[in-house]
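S.K.: Coordinates in model.txt, compact mmCIF, C-alpha atoms, are listed below.
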# COMPACT_ATOMS: atom_id res chain seq x y z
CA MET A 208 -13.46 0.73 -4.99
CA THR A 209 -10.07 2.40 -4.80
CA ILE A 210 -9.03 6.03 -4.99
CA SER A 211 -5.87 7.62 -6.37
CA GLU A 212 -2.97 8.35 -4.00
CA LYS A 213 -2.53 11.74 -5.72
CA GLY A 214 -5.22 13.15 -3.45
CA PHE A 215 -3.08 12.66 -0.33
CA SER A 216 -0.53 15.13 0.97
CA ILE A 217 2.20 14.96 3.57
CA GLU A 218 1.29 16.92 6.69
CA LYS A 219 3.93 19.30 8.05
CA ARG A 220 3.22 19.12 11.77
CA ILE A 221 2.10 16.08 13.70
CA LYS A 222 -1.34 16.23 15.29
CA ILE A 223 -2.23 13.88 18.14
CA ARG A 224 -5.98 13.28 18.14
CA ASN A 225 -6.35 10.73 20.94
CA LEU A 226 -4.47 9.51 23.98
CA ILE A 227 -4.78 6.36 26.05
CA PRO A 228 -2.85 7.38 29.19
CA ASN A 229 -1.98 3.86 30.36
CA SER A 230 -2.08 0.70 28.26
CA LEU A 231 -0.90 -2.83 29.01
CA ILE A 232 -1.91 -4.32 25.64
CA ASP A 233 -0.30 -2.12 22.97
CA TRP A 234 3.28 -3.27 23.63
CA GLU A 235 3.75 -6.68 25.17
CA GLY A 236 5.36 -6.53 28.60
CA MET A 237 5.36 -2.73 28.69
CA ILE A 238 3.28 -0.02 30.34
CA VAL A 239 2.79 2.66 27.70
CA SER A 240 0.82 5.70 26.75
CA THR A 241 -0.72 5.21 23.31
CA LEU A 242 -1.02 8.20 21.00
CA TYR A 243 -3.16 8.31 17.86
CA VAL A 244 -2.49 10.64 14.97
CA GLY A 245 -5.26 11.62 12.59
CA GLY A 246 -5.16 11.05 8.85
CA CYS A 247 -3.85 8.23 6.70
CA ASN A 248 -2.72 7.71 3.11
CA PHE A 249 -4.59 4.37 2.94
CA ARG A 250 -8.31 3.69 2.80
CA CYS A 251 -8.39 0.06 3.89
CA PRO A 252 -12.03 -1.13 3.76
CA PHE A 253 -11.56 -3.10 6.99
CA CYS A 254 -10.04 -0.19 8.97
CA TYR A 255 -11.45 0.10 12.50
CA ASN A 256 -10.47 3.76 12.92
CA ALA A 257 -12.55 5.16 10.07
CA ASP A 258 -13.31 8.56 11.62
CA LEU A 259 -9.70 9.03 12.67
CA VAL A 260 -8.62 8.31 9.09
CA ILE A 261 -11.29 10.16 7.09
CA ASN A 262 -12.54 12.84 9.50
CA PRO A 263 -9.66 13.53 11.90
CA GLU A 264 -10.89 17.10 12.44
CA LYS A 265 -13.75 15.59 14.48
CA PHE A 266 -11.18 14.94 17.21
CA PRO A 267 -9.56 17.88 19.02
CA VAL A 268 -5.79 18.20 18.74
CA ILE A 269 -4.08 17.38 22.03
CA PRO A 270 -1.50 20.14 22.73
CA GLU A 271 2.10 18.97 22.71
CA ASP A 272 2.82 20.87 25.93
CA TYR A 273 0.16 18.81 27.68
CA LEU A 274 1.59 15.56 26.29
CA PHE A 275 5.16 16.21 27.26
CA ASN A 276 4.25 17.49 30.72
CA TYR A 277 2.32 14.26 31.17
CA PHE A 278 5.32 12.18 30.02
CA TRP A 279 7.75 13.95 32.35
CA GLU A 280 5.43 13.59 35.32
CA ARG A 281 5.06 9.84 34.71
CA LYS A 282 8.46 8.91 33.31
CA ASN A 283 9.15 6.75 36.38
CA PHE A 284 5.89 4.84 35.89
CA LEU A 285 5.68 4.52 32.10
CA ASP A 286 8.02 2.29 30.12
CA GLY A 287 7.31 3.98 26.82
CA VAL A 288 5.00 5.43 24.22
CA CYS A 289 3.17 3.70 21.38
CA LEU A 290 2.50 5.98 18.39
CA SER A 291 -0.33 4.76 16.19
CA GLY A 292 -3.06 6.18 14.00
CA GLY A 293 -3.99 6.83 11.28
CA GLU A 294 -0.50 6.75 9.82
CA PRO A 295 2.31 8.56 11.67
CA THR A 296 4.71 8.69 8.70
CA ILE A 297 2.53 11.16 6.79
CA TYR A 298 3.91 13.86 9.09
CA ASP A 299 7.08 15.72 8.13
CA ASP A 300 8.18 16.39 11.69
CA LEU A 301 7.75 12.81 12.94
CA PRO A 302 11.49 12.27 13.63
CA GLU A 303 11.65 15.47 15.70
CA PHE A 304 8.51 14.49 17.63
CA LEU A 305 9.95 11.06 18.42
CA SER A 306 13.22 12.66 19.49
CA ARG A 307 11.34 14.77 22.05
CA ILE A 308 9.72 11.62 23.46
CA LYS A 309 13.16 9.97 23.67
CA ASN A 310 14.37 12.96 25.68
CA CYS A 311 11.78 12.01 28.30
CA ASN A 312 13.69 8.73 28.77
CA LEU A 313 10.84 6.72 27.28
CA LYS A 314 11.01 3.91 24.76
CA ILE A 315 9.00 4.17 21.55
CA LYS A 316 6.93 1.73 19.56
CA LEU A 317 5.81 2.88 16.11
CA ASP A 318 2.79 1.43 14.31
CA THR A 319 3.04 1.97 10.55
CA ASN A 320 1.67 0.76 7.22
CA GLY A 321 5.18 0.79 5.73
CA SER A 322 4.24 3.12 2.87
CA ASN A 323 7.05 5.61 3.49
CA PRO A 324 10.44 3.83 3.54
CA ASP A 325 12.36 7.13 3.32
CA LYS A 326 10.78 8.37 6.55
CA LEU A 327 11.33 4.99 8.20
CA SER A 328 14.99 5.14 7.21
CA ARG A 329 15.41 8.51 8.94
CA ILE A 330 13.69 7.22 12.05
CA ILE A 331 15.70 4.01 12.26
CA LYS A 332 19.06 5.64 11.50
CA GLY A 333 18.32 8.37 14.04
CA GLY A 334 17.70 5.79 16.76
CA PHE A 335 14.24 7.22 17.44
CA VAL A 336 12.35 3.92 17.81
CA ASP A 337 12.79 0.74 19.84
CA TYR A 338 10.04 -1.35 18.23
CA ILE A 339 8.23 -1.20 14.89
CA ALA A 340 4.93 -2.93 14.18
CA MET A 341 4.29 -2.88 10.44
CA ASP A 342 1.00 -3.89 8.89
CA ILE A 343 1.15 -5.94 5.70
CA LYS A 344 -2.31 -5.60 4.23
CA SER A 345 -2.15 -8.44 1.71
CA CYS A 346 0.21 -10.32 -0.60
CA LEU A 347 2.54 -8.06 -2.56
CA GLU A 348 0.81 -8.10 -5.92
CA THR A 349 -0.11 -4.65 -7.17
CA GLU A 350 -3.80 -5.16 -7.94
CA VAL A 351 -4.38 -7.21 -4.81
CA TYR A 352 -2.63 -4.68 -2.60
CA GLN A 353 -4.52 -1.79 -4.18
CA ARG A 354 -7.77 -3.49 -3.32
CA ALA A 355 -6.70 -4.09 0.27
CA ILE A 356 -5.55 -0.50 0.87
CA GLY A 357 -8.27 1.20 -1.17
CA VAL A 358 -5.72 3.28 -3.07
CA GLN A 359 -4.45 3.10 -6.64
CA SER A 360 -0.65 3.14 -6.54
CA THR A 361 1.76 1.34 -8.83
CA GLN A 362 4.66 2.29 -6.51
CA MET A 363 3.19 1.06 -3.23
CA VAL A 364 4.22 -2.60 -3.45
CA THR A 365 7.80 -1.49 -4.07
CA ASN A 366 7.63 0.79 -1.02
CA ILE A 367 6.17 -1.95 1.17
CA ARG A 368 8.84 -4.43 0.11
CA GLU A 369 11.56 -1.85 0.81
CA SER A 370 10.17 -1.19 4.28
CA ILE A 371 9.99 -4.92 5.04
CA ASN A 372 13.64 -5.40 4.11
CA MET A 373 14.71 -2.29 6.03
CA ILE A 374 12.90 -3.27 9.23
CA SER A 375 14.08 -6.89 9.03
CA ASN A 376 17.70 -5.76 8.83
CA SER A 377 17.48 -2.81 11.21
CA GLY A 378 18.71 -4.57 14.33
CA ILE A 379 15.75 -3.26 16.34
CA ASP A 380 12.83 -5.32 17.59
CA TYR A 381 9.81 -5.58 15.31
CA GLU A 382 6.75 -7.48 14.19
CA PHE A 383 4.84 -7.75 10.94
CA ARG A 384 1.10 -8.22 11.19
CA THR A 385 -1.93 -8.83 8.99
CA THR A 386 -5.58 -8.39 9.84
CA ILE A 387 -7.26 -11.50 8.43
CA VAL A 388 -10.51 -10.69 6.61
CA PRO A 389 -12.14 -13.73 4.94
CA ILE A 390 -13.00 -11.93 1.68
CA PHE A 391 -9.42 -10.61 1.40
CA HIS A 392 -7.27 -13.39 2.86
CA ASN A 393 -7.01 -17.16 2.54
CA GLU A 394 -4.35 -19.86 2.75
CA ILE A 395 -2.70 -18.74 -0.51
CA THR A 396 -2.59 -15.10 0.59
CA ILE A 397 -0.96 -15.91 3.92
CA GLU A 398 1.62 -18.21 2.36
CA LYS A 399 2.57 -15.50 -0.16
CA ILE A 400 2.96 -12.92 2.61
CA ALA A 401 4.97 -15.34 4.76
CA ARG A 402 7.30 -16.05 1.84
CA GLU A 403 7.90 -12.31 1.44
CA ILE A 404 8.93 -11.95 5.10
CA LYS A 405 10.77 -15.27 5.28
CA GLY A 406 12.97 -15.42 8.37
CA ALA A 407 11.06 -12.66 10.17
CA ARG A 408 11.27 -12.76 13.96
CA LYS A 409 7.55 -12.31 14.52
CA TYR A 410 4.43 -12.40 12.36
CA VAL A 411 1.06 -11.66 13.93
CA LEU A 412 -2.27 -12.74 12.45
CA GLN A 413 -5.05 -10.54 13.79
CA ASN A 414 -8.55 -11.93 13.42
CA PHE A 415 -11.03 -9.58 11.82
CA VAL A 416 -13.77 -8.14 14.04
CA SER A 417 -16.97 -7.23 12.23
CA THR A 418 -18.49 -3.91 13.23
CA GLU A 419 -20.59 -1.22 11.60
CA GLU A 420 -17.85 1.31 12.34
CA LEU A 421 -15.50 -0.06 9.67
CA LEU A 422 -14.44 2.26 6.85
CA ASP A 423 -16.52 0.11 4.48
CA ASN A 424 -19.59 -0.67 6.58
CA LYS A 425 -20.68 -3.37 4.11
CA LEU A 426 -18.01 -5.54 5.72
CA ALA A 427 -20.03 -5.55 8.93
CA ASP A 428 -21.83 -8.62 7.54
CA VAL A 429 -18.58 -10.55 6.99
CA LYS A 430 -18.06 -13.29 9.57
CA PRO A 431 -14.51 -13.67 10.89
CA TYR A 432 -12.66 -16.94 10.55
CA SER A 433 -13.06 -19.53 13.27
CA THR A 434 -10.34 -20.18 15.84
CA GLN A 435 -9.57 -23.43 14.02
CA LYS A 436 -9.18 -21.67 10.68
CA MET A 437 -6.89 -19.03 12.18
CA GLU A 438 -4.74 -21.82 13.59
CA GLU A 439 -4.51 -23.38 10.11
CA LEU A 440 -3.29 -20.07 8.70
CA ARG A 441 -0.80 -19.74 11.55
CA ARG A 442 0.65 -23.18 10.78
CA ILE A 443 1.14 -22.21 7.13
CA ALA A 444 3.08 -19.10 8.13
CA THR A 445 5.30 -20.95 10.61
CA PHE A 446 7.10 -22.68 7.75
CA TYR A 447 8.63 -19.33 6.82
CA VAL A 448 8.96 -17.17 9.96
CA GLU A 449 10.58 -17.70 13.35
CA ASN A 450 7.42 -17.02 15.33
CA CYS A 451 3.81 -16.65 14.23
CA ILE A 452 1.00 -15.93 16.65
CA VAL A 453 -2.73 -15.29 16.44
CA ARG A 454 -3.89 -12.21 18.29
How does this structure look as structure tokens?
M.R.:
Amino acid sequence: MTISEKGFSIEKRIKIRNLIPNSLIDWEGMIVSTLYVGGCNFRCPFCYNADLVINPEKFPVIPEDYLFNYFWERKNFLDGVCLSGGEPTIYDDLPEFLSRIKNCNLKIKLDTNGSNPDKLSRIIKGGFVDYIAMDIKSCLETEVYQRAIGVQSTQMVTNIRESINMISNSGIDYEFRTTIVPIFHNEITIEKIAREIKGARKYVLQNFVSTEELLDNKLADVKPYSTQKMEELRRIATFYVENCIVR
């Protein structure tokens, strides 16, 4: 079941709800601190961060002074910061927040659902990010995408396509990625997505992990694809993109 996007609002000031001080897995080849914002304008049934999305107030806000003191103290150890969520682009002051991180001489990776191309444009043109990882939830057909994101929006596919084109032509490093859920994705879905991002430098297929902590806990009974099946999907995508990996 989907809900209307009219119920969502843009937040004025960014709120960091969780911090992983040191991570070696969130940005390949980099030592980063990973920050998680609360709140999201999507309600993807297969979201792993359900509480962070729906009930962000359950997590205390980490003061910015604490964060930036931490960054300055470790700027010679850390390579950068990964900003994830939730969805960072729902915050008005995101560009200013990223600029403050840049002033700590740290590189920035942004995880985003691509729903806000105007905000992405500001961030890219301002030189505030070094890497963008954009989730593509399904093939870009309105009804299919609405089902995957749990939100009714006739504009969203247009926004996603605009963000794809912008990131692909930005000149910065990036990846597109899709979490592969058997009841949402198959060979046809992956080929349609791969066609949309044809020529992309990197496309990541992330195998679904069933857990009772998903936003839609009924999906806990869904079995992920086998390693062999994921490889079949990867081979389909490689006809269209430079590099496709299974993660």
S.K.: Excluding region 382-397 of chain A and residues on its chain fewer than 5 positions from it, collect all residues at most 8 Å away from it, counting all atoms listed in the file, and give them as a ChimeraX atom specification.
M.R.: /A:253,339-346,355,407-415,429-432,440,443-444
S.K.: So what do you get for CA of Asn283 (chain A) versus CA of Pro295 (chain A), distance-wise?
M.R.: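 Spanning CA of Asn283 (chain A) to CA of Pro295 (chain A) is a straight-line distance of 25.7 Å.
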S.K.: Give me the residues near Lys332 (chain A) as a ChimeraX atom specification, where near means some atom within 12 Å (using all atoms listed in the file) and where sequence neighbours in that chain fewer than 5 positions away do not count.
M.R.: /A:302,324-327,337,373-374,376-379
S.K.: To one decimal place in Å, what is the distance between CA of Val260 (chain A) and CA of Glu403 (chain A)?
M.R.: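 Separation of CA of Val260 (chain A) and CA of Glu403 (chain A): 27.5 Å.
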S.K.: With only C-alpha atoms as the basis for distance, which of A:Pro228, A:Gly236, A:Pro252, A:Pro263 is at the shortest distance from Glu419 (chain A)?
M.R.: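 Between A:Pro228, A:Gly236, A:Pro252, A:Pro263, the residue approaching Glu419 (chain A) most closely is A:Pro252.
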S.K.: Do you have the CA of Phe335 (chain A)-CA of Ser306 (chain A) distance handy?
M.R.: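 Atom-to-atom, CA of Phe335 (chain A) to CA of Ser306 (chain A), that is 5.9 Å.
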S.K.: Quick one: everything within 10 Å of Ile238 (chain A), counting only C-alpha atoms, minus sequence neighbours fewer than 6 positions away in the same chain. Send it as a ChimeraX atom specification.
M.R.: /A:228-232,284-289
S.K.: Of the candidates A:Lys436, A:Gln359, A:Val336, A:Tyr273, which one gets nearest to Leu301 (chain A) if we count all atoms listed in the file?
M.R.: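 So, comparing all the options, the nearest one is A:Val336.
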S.K.: Would you list the residues near (1.9, 4.8, 12.7), meaning any protein, DNA or RNA residue with an atom at most 8 Å from that point in file coordinates, counting all atoms listed in the file, as a tab-separated table (two decimals) with C-alpha atoms, keeping the file's coordinate frame?
M.R.:
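Final output, out_16.tsv:
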chain	number	residue	atom	x	y	z
A	244	VAL	CA	-2.49	10.64	14.97
A	290	LEU	CA	2.50	5.98	18.39
A	291	SER	CA	-0.33	4.76	16.19
A	292	GLY	CA	-3.06	6.18	14.00
A	293	GLY	CA	-3.99	6.83	11.28
A	294	GLU	CA	-0.50	6.75	9.82
A	295	PRO	CA	2.31	8.56	11.67
A	296	THR	CA	4.71	8.69	8.70
A	317	LEU	CA	5.81	2.88	16.11
A	318	ASP	CA	2.79	1.43	14.31
A	319	THR	CA	3.04	1.97	10.55
A	320	ASN	CA	1.67	0.76	7.22
S.K.: Using all atoms listed in the file, pick whichever of A:Arg281, A:Lys265, A:Lys309, A:Arg354 has the shortest atom-to-atom distance to Arg250 (chain A).
M.R.: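 Answer, going by the shortest atom-to-atom distance: A:Arg354.
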S.K.: Can you pull out the residues contacting Ile308 (chain A)? Cut-off 8 Å, using all atoms listed in the file, and skip same-chain residues under 5 positions away; I want them as a list in words.
M.R.: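 My list of contacting residues is Phe275, Phe278, Val288, Leu313, Lys314 and Ile315 of chain A.
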S.K.: Using only C-alpha atoms, find the one residue out of A:Ile297, A:Ile223, A:Asn424, A:Met363 that sits nearest to Tyr255 (chain A).
M.R.: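 Selected residue with least distance to Tyr255 (chain A): A:Asn424.
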S.K.: For a quick check of understanding, using all atoms listed in the file, which of A:Val268, A:Val364, A:Cys247, A:Val448 has the smallest distance to Val351 (chain A)?
M.R.: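 Ranked by minimum distance to Val351 (chain A), first place goes to A:Val364.
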S.K.: Taking all atoms of region 393-402 of chain A that the file lists and extending 8 Å past them on each side, where is the centre of the axis-aligned box and how long are its edges? Answer in Å to one decimal, as AutoDock Vina command-line options.
M.R.:
--center_x 0.1 --center_y -16.4 --center_z 2.1 --size_x 30.3 --size_y 22.9 --size_z 21.3
S.K.: Check the smallest atom-to-atom distance from each of A:Ile371, A:Leu305, A:Leu347, A:Ile261 to Leu422 (chain A) using all atoms listed in the file, then report the winner.
M.R.: A:Ile261
